[in-house]
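Q: See structure03.cif below, with mmCIF, N, CA and C atoms.
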data_protein
#
loop_
_atom_site.label_atom_id
_atom_site.label_comp_id
_atom_site.auth_asym_id
_atom_site.auth_seq_id
_atom_site.Cartn_x
_atom_site.Cartn_y
_atom_site.Cartn_z
N ASP A 10 -4.02 8.71 -4.75
CA ASP A 10 -3.07 8.18 -5.71
C ASP A 10 -2.19 7.13 -5.04
N MET A 11 -1.92 6.07 -5.75
CA MET A 11 -0.99 5.05 -5.28
C MET A 11 0.33 5.34 -5.97
N VAL A 12 1.35 5.65 -5.18
CA VAL A 12 2.65 6.03 -5.73
C VAL A 12 3.74 5.31 -4.95
N VAL A 13 4.67 4.71 -5.67
CA VAL A 13 5.84 4.07 -5.06
C VAL A 13 7.06 4.84 -5.54
N GLU A 14 7.73 5.52 -4.61
CA GLU A 14 8.92 6.32 -4.92
C GLU A 14 8.68 7.24 -6.12
N GLY A 15 7.52 7.90 -6.13
CA GLY A 15 7.20 8.86 -7.18
C GLY A 15 6.67 8.25 -8.46
N ILE A 16 6.48 6.94 -8.49
CA ILE A 16 6.03 6.24 -9.69
C ILE A 16 4.56 5.87 -9.50
N PRO A 17 3.64 6.29 -10.41
CA PRO A 17 2.23 5.90 -10.26
C PRO A 17 2.05 4.42 -10.56
N VAL A 18 1.37 3.71 -9.64
CA VAL A 18 1.21 2.25 -9.76
C VAL A 18 -0.20 1.83 -9.34
N VAL A 19 -0.55 0.61 -9.71
CA VAL A 19 -1.72 -0.08 -9.17
C VAL A 19 -1.24 -1.41 -8.61
N ALA A 20 -1.94 -1.89 -7.59
CA ALA A 20 -1.54 -3.14 -6.94
C ALA A 20 -1.93 -4.34 -7.79
N ALA A 21 -1.00 -5.26 -7.94
CA ALA A 21 -1.27 -6.54 -8.61
C ALA A 21 -1.50 -7.62 -7.55
N THR A 22 -0.60 -7.70 -6.57
CA THR A 22 -0.78 -8.63 -5.44
C THR A 22 -0.29 -7.95 -4.17
N LEU A 23 -0.87 -8.36 -3.06
CA LEU A 23 -0.43 -7.88 -1.74
C LEU A 23 -0.57 -9.05 -0.78
N THR A 24 0.55 -9.49 -0.25
CA THR A 24 0.57 -10.62 0.67
C THR A 24 1.01 -10.11 2.04
N THR A 25 0.19 -10.37 3.06
CA THR A 25 0.48 -9.92 4.42
C THR A 25 0.63 -11.12 5.33
N HIS A 26 1.67 -11.10 6.14
CA HIS A 26 1.91 -12.14 7.14
C HIS A 26 1.76 -11.48 8.52
N PHE A 27 0.75 -11.92 9.27
CA PHE A 27 0.52 -11.38 10.60
C PHE A 27 1.36 -12.17 11.59
N LYS A 28 2.22 -11.47 12.32
CA LYS A 28 3.18 -12.13 13.22
C LYS A 28 2.69 -12.17 14.67
N ARG A 29 2.10 -11.07 15.12
CA ARG A 29 1.65 -10.95 16.52
C ARG A 29 0.37 -10.13 16.54
N MET A 30 -0.40 -10.33 17.60
CA MET A 30 -1.60 -9.50 17.79
C MET A 30 -1.17 -8.07 18.10
N LEU A 31 -1.82 -7.12 17.50
CA LEU A 31 -1.53 -5.71 17.74
C LEU A 31 -2.41 -5.22 18.88
N PRO A 32 -1.80 -4.79 19.99
CA PRO A 32 -2.60 -4.31 21.11
C PRO A 32 -3.43 -3.08 20.71
N LEU A 33 -4.61 -2.97 21.31
CA LEU A 33 -5.47 -1.82 21.03
C LEU A 33 -4.81 -0.54 21.53
N GLN A 34 -5.11 0.54 20.87
CA GLN A 34 -4.65 1.88 21.22
C GLN A 34 -3.13 1.97 21.31
N ARG A 35 -2.45 1.23 20.48
CA ARG A 35 -0.99 1.26 20.42
C ARG A 35 -0.60 2.06 19.19
N VAL A 36 0.32 2.99 19.33
CA VAL A 36 0.85 3.73 18.19
C VAL A 36 2.01 2.91 17.63
N VAL A 37 1.93 2.60 16.34
CA VAL A 37 2.96 1.80 15.69
C VAL A 37 3.46 2.53 14.45
N GLU A 38 4.51 2.00 13.88
CA GLU A 38 5.08 2.58 12.67
C GLU A 38 4.96 1.60 11.51
N VAL A 39 4.94 2.17 10.32
CA VAL A 39 4.97 1.38 9.09
C VAL A 39 6.17 1.86 8.30
N GLU A 40 6.97 0.92 7.83
CA GLU A 40 8.06 1.27 6.93
C GLU A 40 7.94 0.40 5.69
N ALA A 41 8.24 0.99 4.56
CA ALA A 41 8.17 0.25 3.30
C ALA A 41 9.30 0.72 2.40
N HIS A 42 9.78 -0.19 1.58
CA HIS A 42 10.82 0.19 0.62
C HIS A 42 10.71 -0.68 -0.63
N MET A 43 11.05 -0.06 -1.74
CA MET A 43 11.05 -0.77 -3.01
C MET A 43 12.29 -1.67 -3.04
N VAL A 44 12.07 -2.95 -3.34
CA VAL A 44 13.20 -3.88 -3.38
C VAL A 44 13.62 -4.22 -4.80
N SER A 45 12.71 -4.05 -5.76
CA SER A 45 13.11 -4.30 -7.14
C SER A 45 12.14 -3.64 -8.11
N ARG A 46 12.64 -3.41 -9.31
CA ARG A 46 11.81 -2.93 -10.41
C ARG A 46 12.31 -3.60 -11.68
N LYS A 47 11.40 -4.29 -12.35
CA LYS A 47 11.73 -4.94 -13.61
C LYS A 47 10.62 -4.60 -14.58
N ASP A 48 10.97 -3.90 -15.64
CA ASP A 48 9.99 -3.43 -16.61
C ASP A 48 8.92 -2.62 -15.87
N ARG A 49 7.66 -3.06 -15.94
CA ARG A 49 6.58 -2.31 -15.30
C ARG A 49 6.22 -2.86 -13.92
N ARG A 50 6.95 -3.86 -13.43
CA ARG A 50 6.65 -4.47 -12.13
C ARG A 50 7.57 -3.91 -11.05
N VAL A 51 6.95 -3.49 -9.96
CA VAL A 51 7.68 -2.94 -8.82
C VAL A 51 7.32 -3.81 -7.60
N THR A 52 8.34 -4.28 -6.88
CA THR A 52 8.11 -5.08 -5.68
C THR A 52 8.49 -4.25 -4.46
N VAL A 53 7.61 -4.26 -3.47
CA VAL A 53 7.79 -3.48 -2.25
C VAL A 53 7.67 -4.40 -1.04
N HIS A 54 8.56 -4.24 -0.07
CA HIS A 54 8.46 -4.94 1.21
C HIS A 54 8.10 -3.91 2.28
N ALA A 55 7.29 -4.34 3.25
CA ALA A 55 6.87 -3.43 4.32
C ALA A 55 6.75 -4.19 5.63
N ARG A 56 6.74 -3.41 6.72
CA ARG A 56 6.48 -4.02 8.02
C ARG A 56 5.77 -3.02 8.92
N LEU A 57 4.96 -3.55 9.82
CA LEU A 57 4.24 -2.79 10.84
C LEU A 57 4.91 -3.15 12.16
N PHE A 58 5.44 -2.16 12.87
CA PHE A 58 6.26 -2.49 14.04
C PHE A 58 6.18 -1.42 15.11
N ASP A 59 6.69 -1.78 16.27
CA ASP A 59 6.81 -0.88 17.42
C ASP A 59 8.13 -1.25 18.09
N GLY A 60 9.14 -0.43 17.87
CA GLY A 60 10.46 -0.75 18.43
C GLY A 60 10.98 -2.05 17.86
N GLU A 61 11.23 -3.02 18.72
CA GLU A 61 11.76 -4.32 18.30
C GLU A 61 10.67 -5.31 17.90
N THR A 62 9.41 -4.98 18.17
CA THR A 62 8.31 -5.92 17.92
C THR A 62 7.70 -5.69 16.54
N THR A 63 7.72 -6.72 15.70
CA THR A 63 7.09 -6.66 14.38
C THR A 63 5.75 -7.35 14.46
N TYR A 64 4.69 -6.64 14.08
CA TYR A 64 3.34 -7.18 14.12
C TYR A 64 2.92 -7.79 12.79
N ALA A 65 3.44 -7.26 11.68
CA ALA A 65 3.09 -7.80 10.37
C ALA A 65 4.17 -7.42 9.37
N THR A 66 4.34 -8.30 8.37
CA THR A 66 5.21 -7.99 7.24
C THR A 66 4.37 -8.17 5.97
N ALA A 67 4.79 -7.52 4.91
CA ALA A 67 4.03 -7.62 3.66
C ALA A 67 4.95 -7.50 2.47
N GLU A 68 4.48 -8.09 1.37
CA GLU A 68 5.14 -7.91 0.07
C GLU A 68 4.06 -7.55 -0.93
N GLY A 69 4.29 -6.50 -1.67
CA GLY A 69 3.35 -6.09 -2.70
C GLY A 69 4.04 -6.03 -4.05
N VAL A 70 3.33 -6.48 -5.06
CA VAL A 70 3.79 -6.33 -6.44
C VAL A 70 2.85 -5.34 -7.10
N PHE A 71 3.41 -4.31 -7.67
CA PHE A 71 2.66 -3.23 -8.27
C PHE A 71 3.02 -3.09 -9.73
N VAL A 72 2.09 -2.59 -10.53
CA VAL A 72 2.31 -2.39 -11.96
C VAL A 72 2.32 -0.89 -12.22
N VAL A 73 3.36 -0.42 -12.88
CA VAL A 73 3.48 1.00 -13.22
C VAL A 73 2.43 1.35 -14.27
N ILE A 74 1.75 2.49 -14.04
CA ILE A 74 0.76 2.98 -14.99
C ILE A 74 1.16 4.37 -15.47
N SER A 75 0.58 4.79 -16.57
CA SER A 75 0.87 6.13 -17.09
C SER A 75 0.18 7.16 -16.21
N GLU A 76 0.66 8.40 -16.25
CA GLU A 76 0.03 9.47 -15.49
C GLU A 76 -1.40 9.69 -15.95
N SER A 77 -1.67 9.56 -17.25
CA SER A 77 -3.03 9.76 -17.73
C SER A 77 -3.95 8.66 -17.19
N MET A 78 -3.47 7.43 -17.10
CA MET A 78 -4.28 6.35 -16.52
C MET A 78 -4.52 6.63 -15.04
N GLY A 79 -3.52 7.16 -14.35
CA GLY A 79 -3.69 7.53 -12.94
C GLY A 79 -4.78 8.57 -12.77
N ARG A 80 -4.81 9.57 -13.64
CA ARG A 80 -5.85 10.60 -13.56
C ARG A 80 -7.22 10.00 -13.83
N THR A 81 -7.30 9.07 -14.78
CA THR A 81 -8.57 8.41 -15.08
C THR A 81 -9.06 7.62 -13.87
N LEU A 82 -8.17 6.89 -13.22
CA LEU A 82 -8.55 6.12 -12.04
C LEU A 82 -8.97 7.03 -10.89
N ASP A 83 -8.26 8.16 -10.72
CA ASP A 83 -8.62 9.12 -9.68
C ASP A 83 -10.01 9.69 -9.92
N ALA A 84 -10.32 10.03 -11.17
CA ALA A 84 -11.63 10.58 -11.50
C ALA A 84 -12.73 9.56 -11.25
N ALA A 85 -12.48 8.30 -11.60
CA ALA A 85 -13.47 7.25 -11.37
C ALA A 85 -13.70 7.04 -9.88
N ALA A 86 -12.63 7.06 -9.08
CA ALA A 86 -12.78 6.90 -7.63
C ALA A 86 -13.55 8.07 -7.03
N ALA A 87 -13.26 9.29 -7.49
CA ALA A 87 -13.97 10.47 -6.99
C ALA A 87 -15.46 10.38 -7.32
N ALA A 88 -15.79 9.95 -8.53
CA ALA A 88 -17.19 9.82 -8.94
C ALA A 88 -17.88 8.75 -8.10
N ARG A 89 -17.20 7.67 -7.82
CA ARG A 89 -17.77 6.60 -7.00
C ARG A 89 -18.02 7.10 -5.58
N ASN A 90 -17.10 7.88 -5.03
CA ASN A 90 -17.26 8.42 -3.68
C ASN A 90 -18.45 9.36 -3.59
N VAL A 91 -18.65 10.18 -4.63
CA VAL A 91 -19.81 11.08 -4.66
C VAL A 91 -21.09 10.28 -4.72
N ALA A 92 -21.10 9.24 -5.56
CA ALA A 92 -22.30 8.42 -5.71
C ALA A 92 -22.65 7.66 -4.43
N GLU A 93 -21.64 7.29 -3.64
CA GLU A 93 -21.86 6.53 -2.41
C GLU A 93 -22.14 7.41 -1.22
N SER A 94 -21.92 8.73 -1.32
CA SER A 94 -22.15 9.65 -0.21
C SER A 94 -23.63 9.77 0.06
N PRO A 95 -24.00 9.80 1.36
CA PRO A 95 -25.41 10.01 1.66
C PRO A 95 -25.84 11.42 1.23
N SER A 96 -27.03 11.54 0.69
CA SER A 96 -27.50 12.86 0.25
C SER A 96 -27.98 13.66 1.44
N ASP A 97 -28.01 14.97 1.28
CA ASP A 97 -28.44 15.87 2.34
C ASP A 97 -29.94 16.10 2.32
N SER A 98 -30.69 15.42 1.43
CA SER A 98 -32.13 15.66 1.33
C SER A 98 -32.93 14.89 2.33
#
Starting from the file, give its structure as structure tokens.
A:
Amino acid sequence: DMVVEGIPVVAATLTTHFKRMLPLQRVVEVEAHMVSRKDRRVTVHARLFDGETTYATAEGVFVVISESMGRTLDAAAAARNVAESPSDS
């Protein structure tokens, strides 16, 4: 499920700005927060960082969906995952 602060959403746009190369085998943190909500549009800002070093920033615009639409999308994704799984035969 895609949820922003408890609100079911789907992504409309996601823009990522890569600032620095991320070293291999580095543990980093991601923080994100909702910066605005207008009608059904939710805007979120995020960053990937390690201490003072920011490796990437992002802005996402999401559209609020109904819980029933969320369940429909979840069921479709589950069916797709089953169909794409290698068979045991």
Q: How many Å lie between atom CA of A:Thr81 and atom CA of A:Val13, rounded to one decimal?
A: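 Straight-line distance from atom CA of A:Thr81 to atom CA of A:Val13 works out to 18.1 Å.
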Q: Go through chain A and collect every residue that DSSP, computed from the backbone, puts in strand (DSSP E or B); the answer should be as JSON, numbers by chain.
A: {"A": [12, 13, 16, 17, 18, 19, 20, 21, 22, 23, 24, 25, 26, 27, 38, 39, 40, 41, 42, 43, 44, 45, 46, 47, 50, 51, 52, 53, 54, 55, 56, 57, 58, 59, 62, 63, 64, 65, 66, 67, 68, 69, 70, 71, 72, 73]}
Q: Step by step, work through what the PyMOL selection byres ((chain A and resi 38) around 7) selects in the shown file, and finish by giving those residues as a PDB file with N, CA and C atoms, in the coordinates of the input.
A:
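part-v3.pdb written:
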ATOM      1  N   VAL A  36       0.320   2.990  19.330  1.00  0.00           N
ATOM      2  CA  VAL A  36       0.850   3.730  18.190  1.00  0.00           C
ATOM      3  C   VAL A  36       2.010   2.910  17.630  1.00  0.00           C
ATOM      4  N   VAL A  37       1.930   2.600  16.340  1.00  0.00           N
ATOM      5  CA  VAL A  37       2.960   1.800  15.690  1.00  0.00           C
ATOM      6  C   VAL A  37       3.460   2.530  14.450  1.00  0.00           C
ATOM      7  N   VAL A  39       4.940   2.170  10.320  1.00  0.00           N
ATOM      8  CA  VAL A  39       4.970   1.380   9.090  1.00  0.00           C
ATOM      9  C   VAL A  39       6.170   1.860   8.300  1.00  0.00           C
ATOM     10  N   GLU A  40       6.970   0.920   7.830  1.00  0.00           N
ATOM     11  CA  GLU A  40       8.060   1.270   6.930  1.00  0.00           C
ATOM     12  C   GLU A  40       7.940   0.400   5.690  1.00  0.00           C
ATOM     13  N   ARG A  56       6.740  -3.410   6.720  1.00  0.00           N
ATOM     14  CA  ARG A  56       6.480  -4.020   8.020  1.00  0.00           C
ATOM     15  C   ARG A  56       5.770  -3.020   8.920  1.00  0.00           C
ATOM     16  N   LEU A  57       4.960  -3.550   9.820  1.00  0.00           N
ATOM     17  CA  LEU A  57       4.240  -2.790  10.840  1.00  0.00           C
ATOM     18  C   LEU A  57       4.910  -3.150  12.160  1.00  0.00           C
ATOM     19  N   PHE A  58       5.440  -2.160  12.870  1.00  0.00           N
ATOM     20  CA  PHE A  58       6.260  -2.490  14.040  1.00  0.00           C
ATOM     21  C   PHE A  58       6.180  -1.420  15.110  1.00  0.00           C
ATOM     22  N   ASP A  59       6.690  -1.780  16.270  1.00  0.00           N
ATOM     23  CA  ASP A  59       6.810  -0.880  17.420  1.00  0.00           C
ATOM     24  C   ASP A  59       8.130  -1.250  18.090  1.00  0.00           C
ATOM     25  N   GLY A  60       9.140  -0.430  17.870  1.00  0.00           N
ATOM     26  CA  GLY A  60      10.460  -0.750  18.430  1.00  0.00           C
ATOM     27  C   GLY A  60      10.980  -2.050  17.860  1.00  0.00           C
TER      28      GLY A  60
END
Q: Taking all atoms listed in the file into account, name the residue in A:Val12, A:Met43, A:Ala20, A:Ala85 that is nearest to A:Phe71.
A: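 The closest residue to A:Phe71 is A:Ala20.
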Q: List the residues sitting within 12 Å of (11.6, -6.9, -8.1) in the file's frame, using only C-alpha atoms, as a ChimeraX atom specification.
A: /A:42-54,68-72
Q: Just asking: which residues within chain A are alpha helix (DSSP H) according to DSSP, as a ChimeraX atom specification?
A: /A:76-93
Q: Tell me which of A:Ser75, A:Lys28, A:Leu82, A:Pro95 sits closest to A:Thr62, counting only C-alpha atoms.
A: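 Closest residue, counting only C-alpha atoms: A:Lys28.
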Q: Report, as AutoDock Vina command-line options, the centre and edge lengths in Å (one decimal) of the axis-aligned box enclosing every listed atom of stretch 62-79 of chain A, padded by 6 Å on each side.
A:
--center_x 2.3 --center_y 0.7 --center_z 0.2 --size_x 26.2 --size_y 30.1 --size_z 47.9
Q: So which residues are close to (2.3, -8.8, 10.1), meaning at most 7 Å away in the file's coordinates with only N, CA and C atoms counted, and can you show them as a list in words?
A: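 Residues with an atom close enough to that point: Thr25, His26, Phe27, Lys28, Arg29, Arg56, Leu57, Thr63, Tyr64, Ala65, Thr66 and Ala67 of chain A.
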Q: Once you have the residues from the selection above, write them out as a PDB file, keeping the file's coordinate frame, restricted to N, CA and C atoms.
A:
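For reference, selection.pdb as written:
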ATOM      1  N   THR A  25       0.190 -10.370   3.060  1.00  0.00           N
ATOM      2  CA  THR A  25       0.480  -9.920   4.420  1.00  0.00           C
ATOM      3  C   THR A  25       0.630 -11.120   5.330  1.00  0.00           C
ATOM      4  N   HIS A  26       1.670 -11.100   6.140  1.00  0.00           N
ATOM      5  CA  HIS A  26       1.910 -12.140   7.140  1.00  0.00           C
ATOM      6  C   HIS A  26       1.760 -11.480   8.520  1.00  0.00           C
ATOM      7  N   PHE A  27       0.750 -11.920   9.270  1.00  0.00           N
ATOM      8  CA  PHE A  27       0.520 -11.380  10.600  1.00  0.00           C
ATOM      9  C   PHE A  27       1.360 -12.170  11.590  1.00  0.00           C
ATOM     10  N   LYS A  28       2.220 -11.470  12.320  1.00  0.00           N
ATOM     11  CA  LYS A  28       3.180 -12.130  13.220  1.00  0.00           C
ATOM     12  C   LYS A  28       2.690 -12.170  14.670  1.00  0.00           C
ATOM     13  N   ARG A  29       2.100 -11.070  15.120  1.00  0.00           N
ATOM     14  CA  ARG A  29       1.650 -10.950  16.520  1.00  0.00           C
ATOM     15  C   ARG A  29       0.370 -10.130  16.540  1.00  0.00           C
ATOM     16  N   ARG A  56       6.740  -3.410   6.720  1.00  0.00           N
ATOM     17  CA  ARG A  56       6.480  -4.020   8.020  1.00  0.00           C
ATOM     18  C   ARG A  56       5.770  -3.020   8.920  1.00  0.00           C
ATOM     19  N   LEU A  57       4.960  -3.550   9.820  1.00  0.00           N
ATOM     20  CA  LEU A  57       4.240  -2.790  10.840  1.00  0.00           C
ATOM     21  C   LEU A  57       4.910  -3.150  12.160  1.00  0.00           C
ATOM     22  N   THR A  63       7.720  -6.720  15.700  1.00  0.00           N
ATOM     23  CA  THR A  63       7.090  -6.660  14.380  1.00  0.00           C
ATOM     24  C   THR A  63       5.750  -7.350  14.460  1.00  0.00           C
ATOM     25  N   TYR A  64       4.690  -6.640  14.080  1.00  0.00           N
ATOM     26  CA  TYR A  64       3.340  -7.180  14.120  1.00  0.00           C
ATOM     27  C   TYR A  64       2.920  -7.790  12.790  1.00  0.00           C
ATOM     28  N   ALA A  65       3.440  -7.260  11.680  1.00  0.00           N
ATOM     29  CA  ALA A  65       3.090  -7.800  10.370  1.00  0.00           C
ATOM     30  C   ALA A  65       4.170  -7.420   9.370  1.00  0.00           C
ATOM     31  N   THR A  66       4.340  -8.300   8.370  1.00  0.00           N
ATOM     32  CA  THR A  66       5.210  -7.990   7.240  1.00  0.00           C
ATOM     33  C   THR A  66       4.370  -8.170   5.970  1.00  0.00           C
ATOM     34  N   ALA A  67       4.790  -7.520   4.910  1.00  0.00           N
ATOM     35  CA  ALA A  67       4.030  -7.620   3.660  1.00  0.00           C
ATOM     36  C   ALA A  67       4.950  -7.500   2.470  1.00  0.00           C
TER      37      ALA A  67
END
Q: In Å, rounded to a single decimal, give me how far atom N of A:Ala21 is from atom N of A:Gly79.
A: 14.2 Å
Q: Can you tell me how far atom N of A:Glu76 sits from atom CA of A:Val19, in Å to one decimal?
A: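 Computing it gives 11.3 Å between the two atoms.
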